[in-house]
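Working notes for the structure below.
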Amino acid sequence: MKIMSITPRSFHLIAPSGYCHNQQAAQLAVERLRAQGHQVGNAKALLRREQRFAGSDAERLADLHQLIQPDCQPDIVLAVRGGYGATRLLPHFDATALAARLATHPLAICGHSDFTVIQLALLQQGAITFSGPMLAGNFGAEALSDFTVDHFWRALTSPKFTVEWQTERHEQQVDVSGRIWGGNLAMLVSLIGTPWMPQIDDGILVIEDVNEHPFRVERMLLQLAQSGLLARQKAIVTGSFTGAKLTDYDNGYDFDSVWTLIRQVTGLSLVTGLEFGHHWNTVTLPLGAQGHLQVNGTTSKLTLSGHPTLP
């Protein structure tokens, strides 16, 4: 499987969260990237380990702060994996300095899952990053997804691009514009009441998660609603919610039940079915870019612009 891009790029790996337990997948990803002529730096981050983390807090924080240095000039900064650990770094993470560097010397920083808290801390400072594939889980998948790779390069190289999908149910007509933001729902909710939560008005909130039962997703969305955050948004787009196991006890209660309730509680358009997040197929979204969301029947389009792109 070929990883396509216009020209070879330089990747710099960071591991601010969990230890990369799937070393085989990570090495496969590095080999695939290098086979296509890309450079891959900081591969030592793959092997670091302290307890369940990809190294000590200081080592993982150093990954992030290295990006501030002027001699660190890759094209793409790629998170190795998620897990847990980035939240521990937030009190010591100099998001202001990294955002200032990105304003003058942009880097395409990409990841999702636990990495969402770093991305939102940067967005709170005005910096746009990309919510998209990571090294081990996506580029190291046993079979590489053409869909994921195509959308990755399209987002990083196109000043304006559109993702299209079919919704899982009939939606009302929607035509709204606003800033795209969000990412992993659990990580987003974990920032409520902290200084790292972006203050986004008139936004289009895009969410995803993994291994979360519908009732937990509902509880998190209700917390966002009851904190006043959803009242400031124009629409919600739901990505992949995978890994949940329903039982007879649920008696028909599922994610559709959650989406119906949230529509009723908030009055917002909630558009389902985007392939985004913890899934083999995932689009790449620039968090903080301008978005134009259109829904006609079951056909949805999200057009994005205003984000930094690779030269």
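Chain labels run A, B, ... following the order of the structure tokens; each chain numbers its residues from 1, and ligands are numbered from 1 in the order shown.
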**Message:** Can you tell me, as an MDAnalysis selection string, which residues in segment 108-307 of chain A count as helix (DSSP H, G or I) by DSSP?
**Reply:** chainID A and resid 113:124 135:139 146:157 185:190 214:226 230:232 248:250 255:266
**Prompt:** Skipping near chain neighbours, those fewer than 3 positions away, what residues fall within 8 Å of segment 17-27 of chain A using only C-alpha atoms, listed as a ChimeraX atom specification?
**Reply:** /A:30-31,46-50,52-55,60,80-86,114-115,135-137,139-142
Would you mind exporting N, CA and C atoms of the selected residues as a PDB file, in the first residue's frame?
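selection.pdb, freshly written:
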```
ATOM      1  N   VAL A  30       6.487   3.296  10.409  1.00  0.00           N
ATOM      2  CA  VAL A  30       7.737   3.993  10.083  1.00  0.00           C
ATOM      3  C   VAL A  30       8.299   3.474   8.771  1.00  0.00           C
ATOM      4  N   GLU A  31       8.284   2.160   8.591  1.00  0.00           N
ATOM      5  CA  GLU A  31       8.787   1.573   7.344  1.00  0.00           C
ATOM      6  C   GLU A  31       7.975   2.032   6.149  1.00  0.00           C
ATOM      7  N   LEU A  46       9.281   5.938  20.400  1.00  0.00           N
ATOM      8  CA  LEU A  46       8.519   4.693  20.320  1.00  0.00           C
ATOM      9  C   LEU A  46       8.882   3.726  21.436  1.00  0.00           C
ATOM     10  N   LEU A  47      10.120   3.755  21.867  1.00  0.00           N
ATOM     11  CA  LEU A  47      10.633   2.741  22.794  1.00  0.00           C
ATOM     12  C   LEU A  47      10.585   3.170  24.252  1.00  0.00           C
ATOM     13  N   ARG A  48      10.379   4.454  24.501  1.00  0.00           N
ATOM     14  CA  ARG A  48      10.375   4.931  25.885  1.00  0.00           C
ATOM     15  C   ARG A  48       9.217   4.318  26.667  1.00  0.00           C
ATOM     16  N   ARG A  49       9.475   4.045  27.943  1.00  0.00           N
ATOM     17  CA  ARG A  49       8.391   3.538  28.784  1.00  0.00           C
ATOM     18  C   ARG A  49       8.668   3.812  30.251  1.00  0.00           C
ATOM     19  N   GLU A  50       7.655   4.302  30.938  1.00  0.00           N
ATOM     20  CA  GLU A  50       7.645   4.374  32.397  1.00  0.00           C
ATOM     21  C   GLU A  50       6.223   4.039  32.837  1.00  0.00           C
ATOM     22  N   ARG A  52       2.760   2.861  32.514  1.00  0.00           N
ATOM     23  CA  ARG A  52       1.911   2.755  31.327  1.00  0.00           C
ATOM     24  C   ARG A  52       2.157   3.879  30.321  1.00  0.00           C
ATOM     25  N   PHE A  53       3.107   4.754  30.639  1.00  0.00           N
ATOM     26  CA  PHE A  53       3.315   5.958  29.842  1.00  0.00           C
ATOM     27  C   PHE A  53       4.507   5.824  28.891  1.00  0.00           C
ATOM     28  N   ALA A  54       4.532   6.690  27.882  1.00  0.00           N
ATOM     29  CA  ALA A  54       5.620   6.698  26.900  1.00  0.00           C
ATOM     30  C   ALA A  54       6.792   7.512  27.428  1.00  0.00           C
ATOM     31  N   GLY A  55       7.265   7.122  28.593  1.00  0.00           N
ATOM     32  CA  GLY A  55       8.342   7.838  29.250  1.00  0.00           C
ATOM     33  C   GLY A  55       7.833   8.619  30.441  1.00  0.00           C
ATOM     34  N   ARG A  60       8.045  13.215  28.189  1.00  0.00           N
ATOM     35  CA  ARG A  60       6.921  13.440  27.285  1.00  0.00           C
ATOM     36  C   ARG A  60       6.660  14.927  27.085  1.00  0.00           C
ATOM     37  N   VAL A  80       2.222   9.428  18.267  1.00  0.00           N
ATOM     38  CA  VAL A  80       2.398   7.989  18.103  1.00  0.00           C
ATOM     39  C   VAL A  80       1.107   7.253  18.413  1.00  0.00           C
ATOM     40  N   ARG A  81       0.495   7.565  19.547  1.00  0.00           N
ATOM     41  CA  ARG A  81      -0.761   6.938  19.951  1.00  0.00           C
ATOM     42  C   ARG A  81      -1.397   7.768  21.058  1.00  0.00           C
ATOM     43  N   GLY A  82      -2.599   7.343  21.482  1.00  0.00           N
ATOM     44  CA  GLY A  82      -3.276   8.018  22.576  1.00  0.00           C
ATOM     45  C   GLY A  82      -3.082   7.261  23.867  1.00  0.00           C
ATOM     46  N   GLY A  83      -4.187   6.870  24.497  1.00  0.00           N
ATOM     47  CA  GLY A  83      -4.101   6.186  25.781  1.00  0.00           C
ATOM     48  C   GLY A  83      -4.449   7.132  26.904  1.00  0.00           C
ATOM     49  N   TYR A  84      -3.484   7.420  27.748  1.00  0.00           N
ATOM     50  CA  TYR A  84      -3.669   8.385  28.830  1.00  0.00           C
ATOM     51  C   TYR A  84      -2.310   8.957  29.197  1.00  0.00           C
ATOM     52  N   GLY A  85      -2.290  10.215  29.594  1.00  0.00           N
ATOM     53  CA  GLY A  85      -1.052  10.814  30.069  1.00  0.00           C
ATOM     54  C   GLY A  85      -0.895  12.281  29.739  1.00  0.00           C
ATOM     55  N   ALA A  86      -1.549  12.755  28.675  1.00  0.00           N
ATOM     56  CA  ALA A  86      -1.368  14.146  28.268  1.00  0.00           C
ATOM     57  C   ALA A  86      -1.923  15.121  29.303  1.00  0.00           C
ATOM     58  N   ASP A 114      -6.395  10.817  23.305  1.00  0.00           N
ATOM     59  CA  ASP A 114      -5.866  11.526  24.460  1.00  0.00           C
ATOM     60  C   ASP A 114      -5.171  12.830  24.061  1.00  0.00           C
ATOM     61  N   PHE A 115      -4.660  12.883  22.837  1.00  0.00           N
ATOM     62  CA  PHE A 115      -3.954  14.056  22.337  1.00  0.00           C
ATOM     63  C   PHE A 115      -4.891  15.264  22.202  1.00  0.00           C
ATOM     64  N   LEU A 135       0.309   7.484  14.350  1.00  0.00           N
ATOM     65  CA  LEU A 135       1.291   6.578  13.762  1.00  0.00           C
ATOM     66  C   LEU A 135       0.885   5.117  13.883  1.00  0.00           C
ATOM     67  N   ALA A 136       0.757   4.619  15.103  1.00  0.00           N
ATOM     68  CA  ALA A 136       0.589   3.178  15.300  1.00  0.00           C
ATOM     69  C   ALA A 136      -0.775   2.684  14.838  1.00  0.00           C
ATOM     70  N   GLY A 137      -1.833   3.320  15.312  1.00  0.00           N
ATOM     71  CA  GLY A 137      -3.166   2.809  15.048  1.00  0.00           C
ATOM     72  C   GLY A 137      -3.641   2.972  13.626  1.00  0.00           C
ATOM     73  N   PHE A 139      -1.438   4.607  10.558  1.00  0.00           N
ATOM     74  CA  PHE A 139      -0.409   4.318   9.560  1.00  0.00           C
ATOM     75  C   PHE A 139       0.199   2.937   9.769  1.00  0.00           C
ATOM     76  N   GLY A 140       0.046   2.380  10.977  1.00  0.00           N
ATOM     77  CA  GLY A 140       0.555   1.049  11.256  1.00  0.00           C
ATOM     78  C   GLY A 140      -0.502  -0.034  11.214  1.00  0.00           C
ATOM     79  N   ALA A 141      -1.696   0.297  10.716  1.00  0.00           N
ATOM     80  CA  ALA A 141      -2.754  -0.706  10.625  1.00  0.00           C
ATOM     81  C   ALA A 141      -2.316  -1.843   9.704  1.00  0.00           C
ATOM     82  N   GLU A 142      -2.810  -3.056  10.022  1.00  0.00           N
ATOM     83  CA  GLU A 142      -2.436  -4.220   9.214  1.00  0.00           C
ATOM     84  C   GLU A 142      -2.728  -3.990   7.739  1.00  0.00           C
TER      85      GLU A 142
END
```
Just want the 12 Å neighbourhood of Leu229 of chain A, counted on only C-alpha atoms, with same-chain residues fewer than 5 positions away dropped. Output as a PDB file with N, CA and C atoms, in the first residue's frame.
```pdb
ATOM      1  N   GLY A 182     -13.358  20.526  18.591  1.00  0.00           N
ATOM      2  CA  GLY A 182     -13.815  19.342  19.310  1.00  0.00           C
ATOM      3  C   GLY A 182     -12.752  18.267  19.324  1.00  0.00           C
ATOM      4  N   LEU A 188     -12.542  16.268  25.843  1.00  0.00           N
ATOM      5  CA  LEU A 188     -13.160  17.589  25.815  1.00  0.00           C
ATOM      6  C   LEU A 188     -13.860  17.890  27.136  1.00  0.00           C
ATOM      7  N   VAL A 189     -14.658  16.943  27.616  1.00  0.00           N
ATOM      8  CA  VAL A 189     -15.389  17.145  28.863  1.00  0.00           C
ATOM      9  C   VAL A 189     -14.427  17.292  30.047  1.00  0.00           C
ATOM     10  N   LEU A 191     -11.896  18.951  30.263  1.00  0.00           N
ATOM     11  CA  LEU A 191     -11.339  20.298  30.341  1.00  0.00           C
ATOM     12  C   LEU A 191     -12.336  21.336  30.848  1.00  0.00           C
ATOM     13  N   ILE A 192     -13.588  20.929  31.083  1.00  0.00           N
ATOM     14  CA  ILE A 192     -14.568  21.881  31.605  1.00  0.00           C
ATOM     15  C   ILE A 192     -14.068  22.454  32.932  1.00  0.00           C
ATOM     16  N   GLY A 193     -14.092  23.766  33.041  1.00  0.00           N
ATOM     17  CA  GLY A 193     -13.674  24.430  34.275  1.00  0.00           C
ATOM     18  C   GLY A 193     -12.178  24.631  34.399  1.00  0.00           C
ATOM     19  N   MET A 197      -9.649  24.983  28.285  1.00  0.00           N
ATOM     20  CA  MET A 197     -10.837  24.824  27.455  1.00  0.00           C
ATOM     21  C   MET A 197     -10.999  26.039  26.537  1.00  0.00           C
ATOM     22  N   PRO A 198     -11.010  25.848  25.225  1.00  0.00           N
ATOM     23  CA  PRO A 198     -11.233  26.991  24.320  1.00  0.00           C
ATOM     24  C   PRO A 198     -12.626  27.583  24.525  1.00  0.00           C
ATOM     25  N   GLN A 199     -12.713  28.869  24.369  1.00  0.00           N
ATOM     26  CA  GLN A 199     -14.001  29.558  24.460  1.00  0.00           C
ATOM     27  C   GLN A 199     -14.479  29.831  23.037  1.00  0.00           C
ATOM     28  N   ILE A 200     -15.245  28.912  22.496  1.00  0.00           N
ATOM     29  CA  ILE A 200     -15.681  28.977  21.106  1.00  0.00           C
ATOM     30  C   ILE A 200     -17.159  29.346  21.062  1.00  0.00           C
ATOM     31  N   ASP A 201     -17.456  30.451  20.413  1.00  0.00           N
ATOM     32  CA  ASP A 201     -18.836  30.847  20.182  1.00  0.00           C
ATOM     33  C   ASP A 201     -19.191  30.598  18.724  1.00  0.00           C
ATOM     34  N   ASP A 202     -20.451  30.231  18.481  1.00  0.00           N
ATOM     35  CA  ASP A 202     -20.933  29.991  17.116  1.00  0.00           C
ATOM     36  C   ASP A 202     -20.084  28.943  16.407  1.00  0.00           C
ATOM     37  N   GLY A 203     -19.729  27.888  17.132  1.00  0.00           N
ATOM     38  CA  GLY A 203     -18.885  26.835  16.578  1.00  0.00           C
ATOM     39  C   GLY A 203     -19.691  25.665  16.041  1.00  0.00           C
ATOM     40  N   ILE A 204     -19.000  24.818  15.313  1.00  0.00           N
ATOM     41  CA  ILE A 204     -19.518  23.525  14.881  1.00  0.00           C
ATOM     42  C   ILE A 204     -18.694  22.482  15.621  1.00  0.00           C
ATOM     43  N   LEU A 205     -19.314  21.837  16.603  1.00  0.00           N
ATOM     44  CA  LEU A 205     -18.613  20.904  17.482  1.00  0.00           C
ATOM     45  C   LEU A 205     -18.643  19.504  16.878  1.00  0.00           C
ATOM     46  N   MET A 220     -22.019  12.810  29.250  1.00  0.00           N
ATOM     47  CA  MET A 220     -21.016  13.816  28.903  1.00  0.00           C
ATOM     48  C   MET A 220     -21.626  14.954  28.097  1.00  0.00           C
ATOM     49  N   LEU A 221     -22.501  14.620  27.159  1.00  0.00           N
ATOM     50  CA  LEU A 221     -23.133  15.661  26.356  1.00  0.00           C
ATOM     51  C   LEU A 221     -24.066  16.519  27.209  1.00  0.00           C
ATOM     52  N   LEU A 222     -24.748  15.907  28.169  1.00  0.00           N
ATOM     53  CA  LEU A 222     -25.579  16.689  29.074  1.00  0.00           C
ATOM     54  C   LEU A 222     -24.730  17.618  29.939  1.00  0.00           C
ATOM     55  N   GLN A 223     -23.546  17.160  30.328  1.00  0.00           N
ATOM     56  CA  GLN A 223     -22.653  18.042  31.085  1.00  0.00           C
ATOM     57  C   GLN A 223     -22.239  19.244  30.241  1.00  0.00           C
ATOM     58  N   LEU A 224     -21.948  19.008  28.944  1.00  0.00           N
ATOM     59  CA  LEU A 224     -21.623  20.128  28.062  1.00  0.00           C
ATOM     60  C   LEU A 224     -22.812  21.071  27.924  1.00  0.00           C
ATOM     61  N   LYS A 234     -23.450  26.222  17.033  1.00  0.00           N
ATOM     62  CA  LYS A 234     -24.439  26.253  15.958  1.00  0.00           C
ATOM     63  C   LYS A 234     -24.905  24.863  15.568  1.00  0.00           C
ATOM     64  N   ALA A 235     -24.038  23.863  15.744  1.00  0.00           N
ATOM     65  CA  ALA A 235     -24.394  22.497  15.357  1.00  0.00           C
ATOM     66  C   ALA A 235     -23.411  21.535  15.991  1.00  0.00           C
ATOM     67  N   ILE A 236     -23.814  20.258  16.036  1.00  0.00           N
ATOM     68  CA  ILE A 236     -22.961  19.168  16.490  1.00  0.00           C
ATOM     69  C   ILE A 236     -22.870  18.145  15.368  1.00  0.00           C
ATOM     70  N   THR A 266     -31.134  20.565  23.452  1.00  0.00           N
ATOM     71  CA  THR A 266     -30.372  21.738  23.011  1.00  0.00           C
ATOM     72  C   THR A 266     -31.036  22.526  21.894  1.00  0.00           C
TER      73      THR A 266
END
```
**Test item: residues at most 9 Å from Gly132 of chain A, only C-alpha atoms, excluding those fewer than 6 positions along its chain, as a ChimeraX atom specification** = /A:110-112,148,151-152,276-277,282-286
